[in-house]
Structure formats: structure tokens, C-alpha cells
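Below is work_17.cif, which holds mmCIF, C-alpha atoms and all ligand atoms.
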```cif
data_data
#
loop_
_atom_site.label_atom_id
_atom_site.label_comp_id
_atom_site.auth_asym_id
_atom_site.auth_seq_id
_atom_site.Cartn_x
_atom_site.Cartn_y
_atom_site.Cartn_z
CA MET H 1 211.32 30.73 59.40
CA GLY H 2 207.61 30.88 60.13
CA CYS H 3 207.71 34.06 62.18
CA PHE H 4 204.31 35.50 61.15
CA VAL H 5 202.66 32.17 60.24
CA PRO H 6 199.82 31.32 62.66
CA GLU H 7 200.51 28.55 65.14
CA ARG H 8 197.80 26.33 63.58
CA TYR H 9 200.03 26.05 60.49
CA GLY H 10 203.18 25.43 62.52
CA GLY H 11 204.41 29.02 62.71
CA ALA H 12 205.41 31.23 65.62
CA GLY H 13 202.12 33.14 65.47
CA SER H 14 203.93 36.44 65.60
CA ASP H 15 203.47 39.48 63.35
CA TYR H 16 205.15 41.51 60.61
CA VAL H 17 206.77 43.94 63.06
CA SER H 18 208.50 40.96 64.70
CA TYR H 19 209.47 39.68 61.27
CA ALA H 20 211.07 43.05 60.38
CA LEU H 21 212.99 43.07 63.68
CA ALA H 22 214.22 39.52 62.99
CA VAL H 23 215.41 40.42 59.47
CA GLU H 24 217.20 43.48 60.84
CA GLU H 25 218.94 41.53 63.58
CA LEU H 26 220.05 38.75 61.22
CA SER H 27 221.29 41.31 58.71
CA VAL H 28 223.47 43.11 61.25
CA ALA H 29 225.50 39.93 61.42
CA CYS H 30 224.99 38.64 57.87
CA ALA H 31 222.97 40.33 55.15
CA ALA H 32 223.02 37.15 53.06
CA THR H 33 221.28 35.23 55.84
CA GLY H 34 218.89 38.16 56.18
CA VAL H 35 217.76 37.94 52.57
CA ILE H 36 217.55 34.13 52.56
CA PHE H 37 215.07 34.46 55.43
CA SER H 38 213.34 37.51 53.99
CA ALA H 39 212.75 36.04 50.52
CA HIS H 40 211.57 32.76 52.05
CA ALA H 41 209.17 34.41 54.49
CA SER H 42 207.77 37.44 52.70
CA LEU H 43 207.96 36.37 49.06
CA ALA H 44 207.17 32.65 49.25
CA THR H 45 205.40 31.98 52.56
CA TRP H 46 203.29 35.14 52.83
CA PRO H 47 201.46 34.76 49.48
CA VAL H 48 200.48 31.19 50.36
CA LEU H 49 199.21 32.38 53.74
CA ALA H 50 197.40 35.49 52.53
CA LEU H 51 196.31 34.59 49.00
CA GLY H 52 196.25 30.78 48.97
CA THR H 53 193.36 28.36 49.40
CA GLU H 54 192.91 26.46 52.67
CA ALA H 55 194.21 23.32 50.95
CA GLN H 56 197.34 25.18 49.81
CA ARG H 57 197.91 26.58 53.30
CA THR H 58 197.51 23.20 54.96
CA ARG H 59 199.81 21.47 52.51
CA TYR H 60 202.63 24.01 52.36
CA LEU H 61 202.73 26.30 55.39
CA PRO H 62 203.90 23.75 58.01
CA ARG H 63 206.88 22.80 55.84
CA LEU H 64 207.73 26.44 55.09
CA ALA H 65 207.25 27.57 58.69
CA SER H 66 209.56 24.88 60.05
CA GLY H 67 212.23 25.62 57.45
CA GLU H 68 212.02 22.03 56.20
CA TRP H 69 211.23 23.63 52.84
CA ILE H 70 212.86 26.86 51.63
CA GLY H 71 210.83 29.07 49.33
CA CYS H 72 211.66 31.39 46.46
CA PHE H 73 209.84 33.91 44.25
CA ALA H 74 210.33 33.62 40.50
CA LEU H 75 209.23 36.82 38.78
CA SER H 76 212.28 38.43 37.10
CA GLU H 77 213.52 37.21 33.75
CA PRO H 78 216.56 37.96 31.59
CA ASN H 79 214.57 40.63 29.71
CA SER H 80 212.06 41.65 32.36
CA GLY H 81 213.12 43.24 35.66
CA SER H 82 211.56 46.60 36.56
CA ASP H 83 208.95 46.05 33.84
CA ALA H 84 207.66 42.94 35.56
CA GLY H 85 204.46 42.79 33.50
CA SER H 86 206.44 42.10 30.32
CA LEU H 87 207.64 38.65 31.41
CA ARG H 88 207.72 35.91 28.78
CA THR H 89 207.44 32.63 30.70
CA THR H 90 204.28 30.97 29.39
CA ALA H 91 201.59 28.93 31.10
CA ARG H 92 199.48 26.76 28.81
CA ARG H 93 196.28 25.12 30.07
CA ASP H 94 196.57 21.37 29.68
CA GLY H 95 193.98 18.91 31.03
CA ASP H 96 193.70 19.36 34.78
CA GLY H 97 196.65 21.72 35.03
CA TYR H 98 199.13 23.99 33.30
CA VAL H 99 202.42 23.55 31.46
CA LEU H 100 205.12 26.17 32.09
CA ASN H 101 208.00 27.10 29.77
CA GLY H 102 210.51 29.91 30.21
CA THR H 103 213.55 31.31 32.00
CA LYS H 104 213.84 33.21 35.28
CA ASN H 105 216.76 35.34 36.47
CA PHE H 106 218.37 36.41 39.77
CA ILE H 107 216.08 34.19 41.85
CA THR H 108 217.13 34.37 45.50
CA ASN H 109 217.09 30.87 47.09
CA GLY H 110 216.49 29.43 43.61
CA PRO H 111 218.88 26.46 43.91
CA ASP H 112 217.84 25.67 47.49
CA ALA H 113 214.08 26.07 47.27
CA ALA H 114 211.61 23.21 47.50
CA LEU H 115 208.74 25.57 46.69
CA ALA H 116 208.58 28.47 44.27
CA ILE H 117 205.98 31.12 43.56
CA VAL H 118 206.24 31.32 39.77
CA PHE H 119 204.71 33.98 37.52
CA ALA H 120 203.84 33.18 33.92
CA THR H 121 201.65 34.57 31.18
CA LEU H 122 198.50 32.84 29.95
CA ASP H 123 198.20 35.36 27.11
CA THR H 124 201.22 37.24 25.81
CA THR H 125 198.99 39.86 24.14
CA ARG H 126 197.55 41.06 27.47
CA GLY H 127 200.70 42.42 29.16
CA ASN H 128 200.47 42.52 32.95
CA GLN H 129 196.78 41.51 32.72
CA GLY H 130 197.71 38.15 31.21
CA LEU H 131 199.65 36.77 34.18
CA ALA H 132 198.95 33.97 36.62
CA ALA H 133 200.82 32.90 39.75
CA PHE H 134 201.57 29.26 40.56
CA ILE H 135 202.86 27.34 43.55
CA VAL H 136 205.51 25.07 42.05
CA GLU H 137 207.18 22.15 43.78
CA THR H 138 210.75 22.30 42.50
CA SER H 139 211.06 18.51 42.47
CA SER H 140 208.73 18.57 39.44
CA PRO H 141 210.27 17.32 36.16
CA GLY H 142 211.18 20.28 33.94
CA TRP H 143 212.59 22.47 36.79
CA GLU H 144 216.25 23.25 36.14
CA VAL H 145 218.83 25.44 37.89
CA VAL H 146 220.86 26.78 34.97
CA ARG H 147 223.51 28.63 36.97
CA ILE H 148 224.27 30.38 40.23
CA GLU H 149 225.35 34.00 39.75
CA GLU H 150 228.74 35.31 40.94
CA LYS H 151 227.69 38.42 42.84
CA MET H 152 229.39 41.51 44.26
CA GLY H 153 227.83 41.04 47.71
CA ILE H 154 225.42 38.87 49.72
CA ARG H 155 227.52 36.03 48.36
CA GLY H 156 226.19 33.55 50.91
CA ALA H 157 222.70 33.84 49.39
CA HIS H 158 222.25 31.96 46.15
CA SER H 159 220.79 33.85 43.19
CA ALA H 160 220.06 31.61 40.25
CA GLN H 161 218.94 31.49 36.70
CA LEU H 162 216.17 28.91 36.35
CA ALA H 163 214.68 27.25 33.28
CA PHE H 164 211.30 25.54 32.99
CA THR H 165 210.77 23.00 30.23
CA ASP H 166 207.24 21.58 29.97
CA LEU H 167 206.93 21.90 33.75
CA ARG H 168 203.51 20.58 34.81
CA VAL H 169 201.62 22.34 37.58
CA PRO H 170 198.33 20.89 38.83
CA ARG H 171 195.26 23.17 38.65
CA GLU H 172 194.99 23.25 42.44
CA ASN H 173 198.39 25.00 42.57
CA LEU H 174 197.14 28.11 40.81
CA LEU H 175 197.66 30.90 43.39
CA GLY H 176 194.76 33.35 43.17
CA GLN H 177 192.85 33.65 39.91
CA GLU H 178 193.93 33.38 36.30
CA TYR H 179 194.91 36.83 34.93
CA GLU H 180 195.35 38.14 38.50
CA GLY H 181 199.02 37.11 38.74
CA PHE H 182 200.38 40.65 38.45
CA LYS H 183 198.38 41.74 41.48
CA VAL H 184 199.64 38.71 43.40
CA ALA H 185 203.18 39.83 42.54
CA MET H 186 202.56 43.47 43.51
CA LYS H 187 200.84 42.63 46.81
CA THR H 188 203.63 40.21 47.68
CA LEU H 189 206.34 42.72 46.81
CA ASP H 190 204.70 45.35 49.04
CA GLY H 191 205.48 43.09 52.01
CA GLY H 192 208.82 41.94 50.57
CA ARG H 193 209.97 45.55 50.46
CA ILE H 194 209.49 45.82 54.22
CA GLY H 195 211.84 42.84 54.55
CA ILE H 196 214.50 44.44 52.35
CA ALA H 197 214.10 47.72 54.22
CA ALA H 198 214.79 45.80 57.43
CA GLN H 199 217.79 44.12 55.84
CA ALA H 200 219.11 47.54 54.82
CA VAL H 201 218.62 48.86 58.37
CA GLY H 202 220.66 45.89 59.59
CA ILE H 203 223.51 46.61 57.17
CA ALA H 204 223.46 50.31 58.07
CA ARG H 205 223.54 49.45 61.78
CA ALA H 206 226.48 47.11 61.27
CA ALA H 207 228.39 49.85 59.40
CA LEU H 208 227.67 52.28 62.24
CA GLU H 209 228.52 49.87 65.07
CA ASP H 210 231.84 48.85 63.49
CA SER H 211 232.69 52.49 62.85
CA LEU H 212 231.94 53.42 66.45
CA ALA H 213 234.36 50.75 67.65
CA TYR H 214 237.07 51.63 65.13
CA VAL H 215 237.15 55.39 65.70
CA GLN H 216 237.73 54.89 69.41
CA GLN H 217 240.66 52.59 68.81
CA ARG H 218 242.35 54.29 65.83
CA ARG H 219 244.65 57.18 66.72
CA ALA H 220 245.87 60.05 64.53
CA PHE H 221 247.53 63.37 65.34
CA GLY H 222 247.92 62.37 68.98
CA GLN H 223 244.33 61.34 69.77
CA ALA H 224 241.64 58.79 68.96
CA ILE H 225 239.92 59.84 65.74
CA ALA H 226 236.65 59.76 67.72
CA GLU H 227 237.88 62.96 69.38
CA PHE H 228 237.67 64.93 66.15
CA GLN H 229 234.49 66.91 65.74
CA GLY H 230 234.33 65.94 62.06
CA THR H 231 234.13 62.28 63.08
CA GLN H 232 231.52 62.99 65.75
CA TRP H 233 229.24 64.91 63.41
CA ARG H 234 229.47 62.13 60.89
CA LEU H 235 228.60 59.51 63.52
CA ALA H 236 225.66 61.60 64.72
CA ASP H 237 224.23 61.84 61.21
CA MET H 238 224.77 58.12 60.63
CA ALA H 239 222.96 57.14 63.84
CA THR H 240 220.07 59.51 63.10
CA ALA H 241 219.64 58.02 59.63
CA VAL H 242 219.55 54.47 61.06
CA GLU H 243 216.81 55.46 63.50
CA ALA H 244 214.76 57.16 60.79
CA ALA H 245 215.10 54.16 58.46
CA ARG H 246 214.09 51.78 61.23
CA LEU H 247 211.03 53.82 62.18
CA LEU H 248 209.85 54.01 58.55
CA THR H 249 210.30 50.24 58.28
CA LEU H 250 208.47 49.44 61.49
CA ARG H 251 205.67 51.86 60.61
CA ALA H 252 205.09 50.04 57.31
CA ALA H 253 205.12 46.69 59.14
CA PHE H 254 202.71 48.04 61.77
CA LEU H 255 200.27 49.25 59.08
CA LYS H 256 200.43 45.83 57.43
CA ASP H 257 199.72 44.12 60.75
CA ARG H 258 196.71 46.41 61.24
CA GLY H 259 195.30 45.62 57.79
CA LEU H 260 195.74 49.26 56.69
CA PRO H 261 197.13 50.36 53.29
CA TYR H 262 200.93 50.27 53.25
CA THR H 263 202.08 50.20 49.60
CA LYS H 264 203.44 53.77 49.77
CA GLU H 265 204.90 53.35 53.25
CA ALA H 266 206.67 50.10 52.31
CA ALA H 267 208.17 51.78 49.24
CA MET H 268 209.27 54.79 51.33
CA ALA H 269 210.86 52.50 53.91
CA LYS H 270 212.66 50.46 51.26
CA LEU H 271 213.86 53.55 49.39
CA PHE H 272 215.11 55.39 52.46
CA ALA H 273 216.60 52.37 54.22
CA ALA H 274 218.44 51.20 51.08
CA GLU H 275 219.92 54.64 50.44
CA THR H 276 220.83 54.89 54.14
CA ALA H 277 222.58 51.52 54.02
CA MET H 278 224.59 52.57 50.97
CA SER H 279 225.49 55.95 52.43
CA LEU H 280 226.52 54.48 55.79
CA ALA H 281 228.51 51.72 54.14
CA ILE H 282 230.46 54.32 52.14
CA GLN H 283 231.04 56.40 55.28
CA GLY H 284 232.05 53.30 57.23
CA VAL H 285 234.76 52.52 54.67
CA GLN H 286 235.89 56.16 54.78
CA LEU H 287 236.13 56.17 58.58
CA HIS H 288 238.25 53.00 58.41
CA GLY H 289 240.61 54.71 55.94
CA GLY H 290 242.91 52.31 54.05
CA TYR H 291 241.84 49.41 56.27
CA GLY H 292 238.26 49.94 55.14
CA TYR H 293 239.34 49.03 51.64
CA THR H 294 240.75 45.67 52.71
CA ARG H 295 239.14 42.40 53.69
CA GLU H 296 240.67 42.71 57.17
CA PHE H 297 237.57 44.62 58.28
CA ALA H 298 233.91 43.96 57.52
CA ALA H 299 233.42 47.57 56.32
CA GLU H 300 234.09 46.54 52.72
CA ARG H 301 231.50 43.74 52.99
CA TYR H 302 228.82 46.15 54.14
CA PHE H 303 229.74 48.32 51.15
CA ARG H 304 229.24 45.38 48.76
CA ASP H 305 226.11 44.10 50.54
CA ALA H 306 224.40 47.50 50.77
CA LYS H 307 224.35 48.03 47.02
CA ILE H 308 221.86 45.27 46.26
CA THR H 309 219.25 46.79 48.58
CA GLU H 310 218.95 49.67 46.09
CA ILE H 311 218.30 47.17 43.29
CA TYR H 312 216.28 44.09 44.21
CA GLU H 313 212.58 43.91 45.07
CA GLY H 314 212.21 47.11 43.05
CA THR H 315 215.04 49.55 42.37
CA SER H 316 215.11 52.91 44.15
CA GLU H 317 213.78 54.40 40.91
CA ILE H 318 210.78 52.02 40.99
CA GLN H 319 210.15 52.86 44.67
CA ARG H 320 209.97 56.54 43.71
CA LEU H 321 207.46 55.68 40.97
CA VAL H 322 205.33 53.70 43.42
CA ILE H 323 205.43 56.51 46.01
CA ALA H 324 204.57 59.18 43.45
CA SER H 325 201.71 57.17 41.95
CA GLN H 326 200.22 56.64 45.43
CA LEU H 327 200.64 60.35 46.27
CA LEU H 328 198.89 61.41 43.08
CA ARG H 329 196.11 58.87 43.64
CA GLU H 330 195.57 60.18 47.19
CA ALA H 331 195.59 63.77 45.94
CA GLY H 332 193.11 62.89 43.17
CA ALA H 333 190.76 61.26 45.66
CA ARG H 334 190.59 64.40 47.81
N1 LIG V 401 198.85 46.12 45.14
C1 LIG V 401 197.78 45.67 44.44
N2 LIG V 401 197.58 45.94 43.12
C2 LIG V 401 198.53 46.68 42.50
C3 LIG V 401 199.68 47.17 43.17
C4 LIG V 401 199.81 46.87 44.55
N3 LIG V 401 200.88 47.28 45.25
N4 LIG V 401 200.43 47.86 42.32
C5 LIG V 401 199.78 47.83 41.12
N5 LIG V 401 198.64 47.11 41.26
C6 LIG V 401 197.61 46.88 40.22
C7 LIG V 401 197.09 48.20 39.68
O1 LIG V 401 196.03 48.69 40.49
C8 LIG V 401 196.61 47.82 38.30
O2 LIG V 401 195.35 47.18 38.42
P1 LIG V 401 194.18 47.44 37.32
O3 LIG V 401 194.72 46.87 36.05
O4 LIG V 401 193.01 46.66 37.86
O5 LIG V 401 193.95 48.91 37.25
C9 LIG V 401 197.62 46.76 37.87
O6 LIG V 401 198.21 46.24 39.10
C10 LIG V 401 198.72 47.31 37.00
O7 LIG V 401 199.35 48.36 37.69
P2 LIG V 401 200.33 49.39 36.96
O8 LIG V 401 199.64 49.91 35.72
O9 LIG V 401 200.81 50.38 37.96
O10 LIG V 401 201.53 48.42 36.49
P3 LIG V 401 202.86 48.72 35.69
O11 LIG V 401 203.02 47.67 34.66
O12 LIG V 401 202.92 50.15 35.28
O13 LIG V 401 204.01 48.41 36.78
C11 LIG V 401 205.46 48.81 38.63
C12 LIG V 401 204.09 49.04 37.98
C13 LIG V 401 205.32 49.45 40.02
C14 LIG V 401 206.58 49.51 37.88
C15 LIG V 401 205.75 47.29 38.74
O14 LIG V 401 206.01 46.72 37.49
C16 LIG V 401 206.91 46.99 39.66
O15 LIG V 401 206.76 46.96 40.89
N6 LIG V 401 208.12 46.71 39.11
C17 LIG V 401 209.24 46.29 39.90
C18 LIG V 401 209.28 44.80 39.96
C19 LIG V 401 210.08 44.32 41.14
O16 LIG V 401 210.01 44.85 42.24
N7 LIG V 401 210.83 43.25 40.92
C20 LIG V 401 211.57 42.64 41.96
C21 LIG V 401 211.81 41.22 41.61
S1 LIG V 401 211.66 40.14 42.95
C22 LIG V 401 213.13 40.16 43.77
O17 LIG V 401 213.99 40.99 43.60
C23 LIG V 401 213.17 39.10 44.76
C24 LIG V 401 214.44 38.55 45.18
O18 LIG V 401 214.84 37.50 44.74
C25 LIG V 401 215.13 39.18 46.33
#
```
Write-out of the structure in C-alpha cells:
Amino acid sequence: MGCFVPERYGGAGSDYVSYALAVEELSVACAATGVIFSAHASLATWPVLALGTEAQRTRYLPRLASGEWIGCFALSEPNSGSDAGSLRTTARRDGDGYVLNGTKNFITNGPDAALAIVFATLDTTRGNQGLAAFIVETSSPGWEVVRIEEKMGIRGAHSAQLAFTDLRVPRENLLGQEYEGFKVAMKTLDGGRIGIAAQAVGIARAALEDSLAYVQQRRAFGQAIAEFQGTQWRLADMATAVEAARLLTLRAAFLKDRGLPYTKEAAMAKLFAAETAMSLAIQGVQLHGGYGYTREFAAERYFRDAKITEIYEGTSEIQRLVIASQLLREAGAR
């Protein structure tokens, strides 16, 4: 759970490339487990490591790295998803801390987390420039899990609605600076998107590997369906897409490890890997024929699990916006 956390804070002292490989490998077997790990590591642990104070790192990283504490990232709200800067949870300064009130939606690990990175507004008139990020211990009075969502896929990962009622956060748990919360969220999501890209690669790989096994065993018209050229061309395209998605993902992780810009590359990886996972999941069901539509085979689970990768941590539409805005910025700077 502490893959890229330095050893001095109890982590494995590895890097983001290793983290992406771990998420992929977990997600081949279980995409729900993949996202539990990914949200914990990239969305809760990474911001403490990269943007926290030394006191915050020392207090929280050993517990997060060991898995003793699970982390979550509370940004989305019932009326604020893609437009993250419009969130309505408030943070009011009060003595030596802040008081939080509001509701969060679709929070992965929400019911299980001991620590949450929570985003709230200090000034509702300032839009995304009014936000602050907080490290919240979920044992604090005023933290409530309202409900756990019934989802189409990744059903083993809890996604919750949370409510905060006069939730006190000490001043030392402010993460970054006041009014800089939106940038904390964006920087964190850049890395989170590499994790979801890796999860999508894992789902796509699982769809491919199961299909490869099935087409050799299933017979039609006197031969294994793997013998048909139509099947072979489909498998070739599926395998090529998995490789391309993986390389985009690992390139983004590599750039992050090197301290180079990677916002555009992470968005490209997430966009391409998510669409690859969905496409391969659909093709996997098709190759399994009627059996692919039943619970007897995992093909239908990949189909349900793949869909969320095109939605969370920024929809495919948002990834395209991020890529285009980076392209235009680069072109303008030339
Ligand atoms: N890194 C650092 N700073 C960044 C940044 C980045 N990647 N992206 C933007 N910023 C900065 C900008 O430079 C700008 O700074 P200045 O004000 O100093 O100029 C500021 O942030 C505002 O930027 P924008 O004007 O581009 O912001 P916007 O309001 O137009 O929004 C957006 C941009 C890309 C659409 C953003 O709102 C976004 O990413 N939305 C999607 C939110 C999302 O991914 N939600 C996922 C929820 S979490 C989840 O799903 C987790 C889970 O449980 C699995």
C-alpha cells in the first residue's frame, strides 16, 4: 500500500512506474481491488507525501504505507463532478482550525477510510480560487457515511456519499495553502489518472486473456473459433491496443518519476486506456457469444468494470479538454 512512499516513512521506496505495474496486475484479477489500492495510494497518500508538511508526513505516511489506515479523496459532490471548482462544502475559520460542512458523493474507500483528503471552499464567491484542501481523520465527530452506492461494476470497492456536520479540522491539517486547494486537487488527479489508466490496462488485459483461452476451446463449424481469420484479426487488434495503452501509461509514470511535466501524458494514458478497456470488454463479451452475457464467465464483469474507467477521475470528455488545453498552451509558447 506504500509502494512509492520512501522507506523512511515506512514505504517500499519504489516509484510510480512500479505503482502503475502493481495497479495493472491487481486489476487483471480484480478491478475493484485495483481501485481501492489506486485511490488510497495516488489520491490520499501521494498528496501527503508531495504536498504535505514534514509533520503531516511523519504522522500519516507510516500508517498509510502499511495499510493500517486506508485513505480516500473527497472532491466530488452531488452537484459538482466535472466542474470540480464549483463545489459547495464550506470551510469556516474557527479559532485554531476550521469547521467543515457539506456533502460529498461517489467517494471511493469512503466508508473504510481512516484518512480523507477533503476539499472545501473558504469563499463561495471565488469559484475554484476559493478552495482549500484538508487532511481529515474520519474518526472526527461530524464525519458521517450517509450511504454506500449500488454500482454497475467494481462492486467490491465501496463508493459512498459522505456528510460533514460541523466537522473540526485543526489548522495543522491544512494541506498546502488556503485558496490553493484546487491546484492540490488537479496535481493529485494528474497522478491518480495514471492509476486509473493502469487499472484500465488490467481490465483490458483480463478481457484479452480470457478471450484467448475461450476461442481455443469453443468450437463452431467443425473447428475452434480461434481458427477463423475474423477471430484472429480481432485478437491481434485487441493485443495491440493493450500494448499501446500500457506504454502510454508507463510513459506518464516515467515522466512523473523524472520530475518532468506529465499532465497531458497522464490524461492521454487515462483516455486511451479507458476507451481500450471498454472496447476490449465489449469484444470479449462478443467472442464469448451467449456465454459472455451470463455470469458463468468473467467477460460480463469486465464489461461492467470497464465502464467506470471512462467516468471517474475525470471523464473521457474532461481528459480531452485537459489534453487540448495543454496542446494549445504548448503551441502558444512556441
Ligand atoms: N496542475 C496544476 N495546476 C493546474 C492543473 C494541473 N494539472 N490544472 C489546472 N491547474 C490550475 C490552472 O493553472 C489554473 O491556475 P491559475 O488560476 O493560477 O491560472 C487553475 O488551476 C484553474 O484551472 P482551470 O481554469 O483550467 O480550471 P477549470 O475550473 O476550468 O477546470 C478541469 C479544469 C480540467 C475541467 C477540472 O475541473 C477537472 O479536472 N475536472 C474533473 C474533475 C475530476 O477529475 N474529478 C474526479 C473526482 S475524484 C474521483 O473520481 C476519485 C475516485 O473516488 C476514484
Shortest interatomic distance to ligand LIG 401 (chain V) - which of H:Pro170, H:Gly314, H:Gly34, H:Pro47, counting only C-alpha atoms and all ligand atoms: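 Of all the options, H:Gly314 lies closest to ligand LIG 401 (chain V).
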What is the distance between atom CA of H:Ala236 and atom CA of H:Ala224, in Å to one decimal? 16.8 Å
d(atom O3 of ligand LIG 401 (chain V), atom CA of H:Tyr16) in Å: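 Those two atoms sit 27.2 Å apart.
Residues of protein, DNA or RNA lying at most 7 Å from ligand LIG 401 (chain V), when all atoms listed in the file are considered, are Val35, Ala39, Phe73, Leu75, Ser76, Gly81, Ser82, Asp83, Ala84, Gly85, Phe106, Ile107, Thr108, Asn128, Gln129, Phe182, Lys183, Met186, Lys187, Leu189, Asp190, Thr263, Tyr312, Glu313, Gly314, Thr315, Ile318, Leu321 and Val322 of chain H.
Shortest atom-to-atom contact with H:Gly292 among H:Tyr98, H:Phe134, H:Trp69, H:Tyr214: H:Tyr214, counting all atoms listed in the file.
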What does the distance from atom CA of H:Gly97 to atom CA of H:Tyr9 come to in Å, to one decimal?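 These atoms are spaced 26.0 Å apart.
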Neighbour list for H:Tyr293 as a list in words, cut-off 12 Å, only C-alpha atoms, skip fewer than 3 positions in-chain: Ala281, Ile282, Gln283, Gly284, Val285, Gln286, Leu287, His288, Gly289, Gly290, Glu296, Phe297, Ala298, Ala299, Glu300, Arg301, Tyr302, Phe303 and Arg304 of chain H
Identify which of the residues H:Leu280, H:Leu248, H:Ala91, H:Ala267 lies closest to H:Ser325, counting all atoms listed in the file when measuring atom-to-atom distances. H:Ala267
Excluding same-chain residues fewer than 4 positions from H:Met152, what lies within 9 Å of it counting all atoms listed in the file, as number ranges by chain? H: 304-305, 307-308
Go ahead and save the picked residues with C-alpha atoms, as a compact mmCIF listing (two decimals), in the coordinates of the input.
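Generated output (selection-v8.txt):
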```
# COMPACT_ATOMS: atom_id res chain seq x y z
CA ARG H 304 229.24 45.38 48.76
CA ASP H 305 226.11 44.10 50.54
CA LYS H 307 224.35 48.03 47.02
CA ILE H 308 221.86 45.27 46.26
```
What lies within 9 Å of H:Val99 using only C-alpha atoms, ignoring chain neighbours under 3 positions off, as an mmCIF file with C-alpha atoms, in the coordinates of the input?
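In the end it all went to out-v7.cif:
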```cif
data_model
loop_
_atom_site.group_PDB
_atom_site.id
_atom_site.type_symbol
_atom_site.label_atom_id
_atom_site.label_comp_id
_atom_site.auth_asym_id
_atom_site.auth_seq_id
_atom_site.Cartn_x
_atom_site.Cartn_y
_atom_site.Cartn_z
ATOM 1 C CA THR H 90 204.280 30.970 29.390
ATOM 2 C CA ALA H 91 201.590 28.930 31.100
ATOM 3 C CA ARG H 92 199.480 26.760 28.810
ATOM 4 C CA ARG H 93 196.280 25.120 30.070
ATOM 5 C CA ASP H 94 196.570 21.370 29.680
ATOM 6 C CA THR H 165 210.770 23.000 30.230
ATOM 7 C CA ASP H 166 207.240 21.580 29.970
ATOM 8 C CA LEU H 167 206.930 21.900 33.750
ATOM 9 C CA ARG H 168 203.510 20.580 34.810
ATOM 10 C CA VAL H 169 201.620 22.340 37.580
ATOM 11 C CA PRO H 170 198.330 20.890 38.830
#
```
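For the residues H:Arg57, H:Arg88, H:His40, H:Arg155, ranking by smallest atom-to-atom distance to H:Leu131 using all atoms listed in the file places H:Arg88 first.
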Which residue gives the smallest distance to H:Ser159 among H:Ile135, H:Ala74, H:Leu21, H:Leu175, with all atoms listed in the file counted?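 Nearest to H:Ser159: H:Ala74.
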Which centre and edge lengths in Å to one decimal define the box along x, y and z that fits every listed atom of stretch 32-50 of chain H plus 6 Å per side, as AutoDock Vina command-line options?
```
--center_x 210.2 --center_y 34.7 --center_z 52.6 --size_x 37.6 --size_y 19.0 --size_z 19.1
```
Taking all atoms listed in the file into account, produce a table as a Markdown table in which each residue of stretch 144-222 of chain H with an atom at most 9 Å from an atom of stretch 243-247 of chain H appears once, together with its shortest atom pair and the distance in Å to one decimal, ordered by chain and rising number.
```
| residue | atom | partner | partner_atom | distance |
| --- | --- | --- | --- | --- |
| H:Ala197 | CA | H:Ala245 | CA | 7.8 |
| H:Ala198 | CA | H:Arg246 | CA | 7.1 |
| H:Ala200 | CA | H:Ala245 | CA | 8.6 |
| H:Val201 | CA | H:Arg246 | CA | 6.1 |
| H:Gly202 | CA | H:Arg246 | CA | 9.0 |
```
Include C-alpha atoms and write out the residues we just selected as a compact mmCIF listing (two decimals), in the frame of the given file.
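Output (again_37.txt):
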```txt
# COMPACT_ATOMS: atom_id res chain seq x y z
CA ALA H 197 214.10 47.72 54.22
CA ALA H 198 214.79 45.80 57.43
CA ALA H 200 219.11 47.54 54.82
CA VAL H 201 218.62 48.86 58.37
CA GLY H 202 220.66 45.89 59.59
```
Protein, DNA and RNA residues within 8 Å of (207.8, 33.3, 65.3), only C-alpha atoms, as a JSON list (two decimals) with C-alpha atoms, in the coordinates of the input:
```json
[["chain", "number", "residue", "atom", "x", "y", "z"],
["H", 1, "MET", "CA", 211.32, 30.73, 59.40],
["H", 2, "GLY", "CA", 207.61, 30.88, 60.13],
["H", 3, "CYS", "CA", 207.71, 34.06, 62.18],
["H", 4, "PHE", "CA", 204.31, 35.50, 61.15],
["H", 5, "VAL", "CA", 202.66, 32.17, 60.24],
["H", 11, "GLY", "CA", 204.41, 29.02, 62.71],
["H", 12, "ALA", "CA", 205.41, 31.23, 65.62],
["H", 13, "GLY", "CA", 202.12, 33.14, 65.47],
["H", 14, "SER", "CA", 203.93, 36.44, 65.60],
["H", 15, "ASP", "CA", 203.47, 39.48, 63.35],
["H", 18, "SER", "CA", 208.50, 40.96, 64.70],
["H", 19, "TYR", "CA", 209.47, 39.68, 61.27]]
```
All heavy atoms are needed for stretch 13-17 of chain H; please write them out as an mmCIF file, in the coordinates of the input.
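The resulting file, out.cif, is shown below:
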```cif
data_model
loop_
_atom_site.group_PDB
_atom_site.id
_atom_site.type_symbol
_atom_site.label_atom_id
_atom_site.label_comp_id
_atom_site.auth_asym_id
_atom_site.auth_seq_id
_atom_site.Cartn_x
_atom_site.Cartn_y
_atom_site.Cartn_z
ATOM 1 N N GLY H 13 203.313 32.368 65.123
ATOM 2 C CA GLY H 13 202.120 33.140 65.470
ATOM 3 C C GLY H 13 202.430 34.581 65.825
ATOM 4 O O GLY H 13 201.680 35.231 66.538
ATOM 5 N N SER H 14 203.542 35.070 65.308
ATOM 6 C CA SER H 14 203.930 36.440 65.600
ATOM 7 C C SER H 14 203.401 37.376 64.508
ATOM 8 O O SER H 14 202.442 37.037 63.816
ATOM 9 C CB SER H 14 205.458 36.491 65.720
ATOM 10 O OG SER H 14 205.846 37.705 66.251
ATOM 11 N N ASP H 15 204.009 38.526 64.325
ATOM 12 C CA ASP H 15 203.470 39.480 63.350
ATOM 13 C C ASP H 15 204.576 40.035 62.448
ATOM 14 O O ASP H 15 205.731 39.611 62.548
ATOM 15 C CB ASP H 15 202.706 40.603 64.056
ATOM 16 C CG ASP H 15 203.578 41.334 65.073
ATOM 17 O OD1 ASP H 15 204.820 41.166 65.022
ATOM 18 O OD2 ASP H 15 203.030 42.066 65.912
ATOM 19 N N TYR H 16 204.191 40.986 61.593
ATOM 20 C CA TYR H 16 205.150 41.510 60.610
ATOM 21 C C TYR H 16 206.182 42.434 61.258
ATOM 22 O O TYR H 16 207.315 42.531 60.781
ATOM 23 C CB TYR H 16 204.400 42.212 59.471
ATOM 24 C CG TYR H 16 204.905 41.783 58.116
ATOM 25 C CD1 TYR H 16 204.563 40.539 57.574
ATOM 26 C CD2 TYR H 16 205.754 42.601 57.379
ATOM 27 C CE1 TYR H 16 205.052 40.140 56.335
ATOM 28 C CE2 TYR H 16 206.246 42.204 56.140
ATOM 29 C CZ TYR H 16 205.896 40.977 55.629
ATOM 30 O OH TYR H 16 206.384 40.582 54.412
ATOM 31 N N VAL H 17 205.791 43.114 62.336
ATOM 32 C CA VAL H 17 206.770 43.940 63.060
ATOM 33 C C VAL H 17 207.882 43.031 63.591
ATOM 34 O O VAL H 17 209.077 43.322 63.446
ATOM 35 C CB VAL H 17 206.094 44.740 64.189
ATOM 36 C CG1 VAL H 17 207.127 45.328 65.139
ATOM 37 C CG2 VAL H 17 205.230 45.866 63.607
#
```
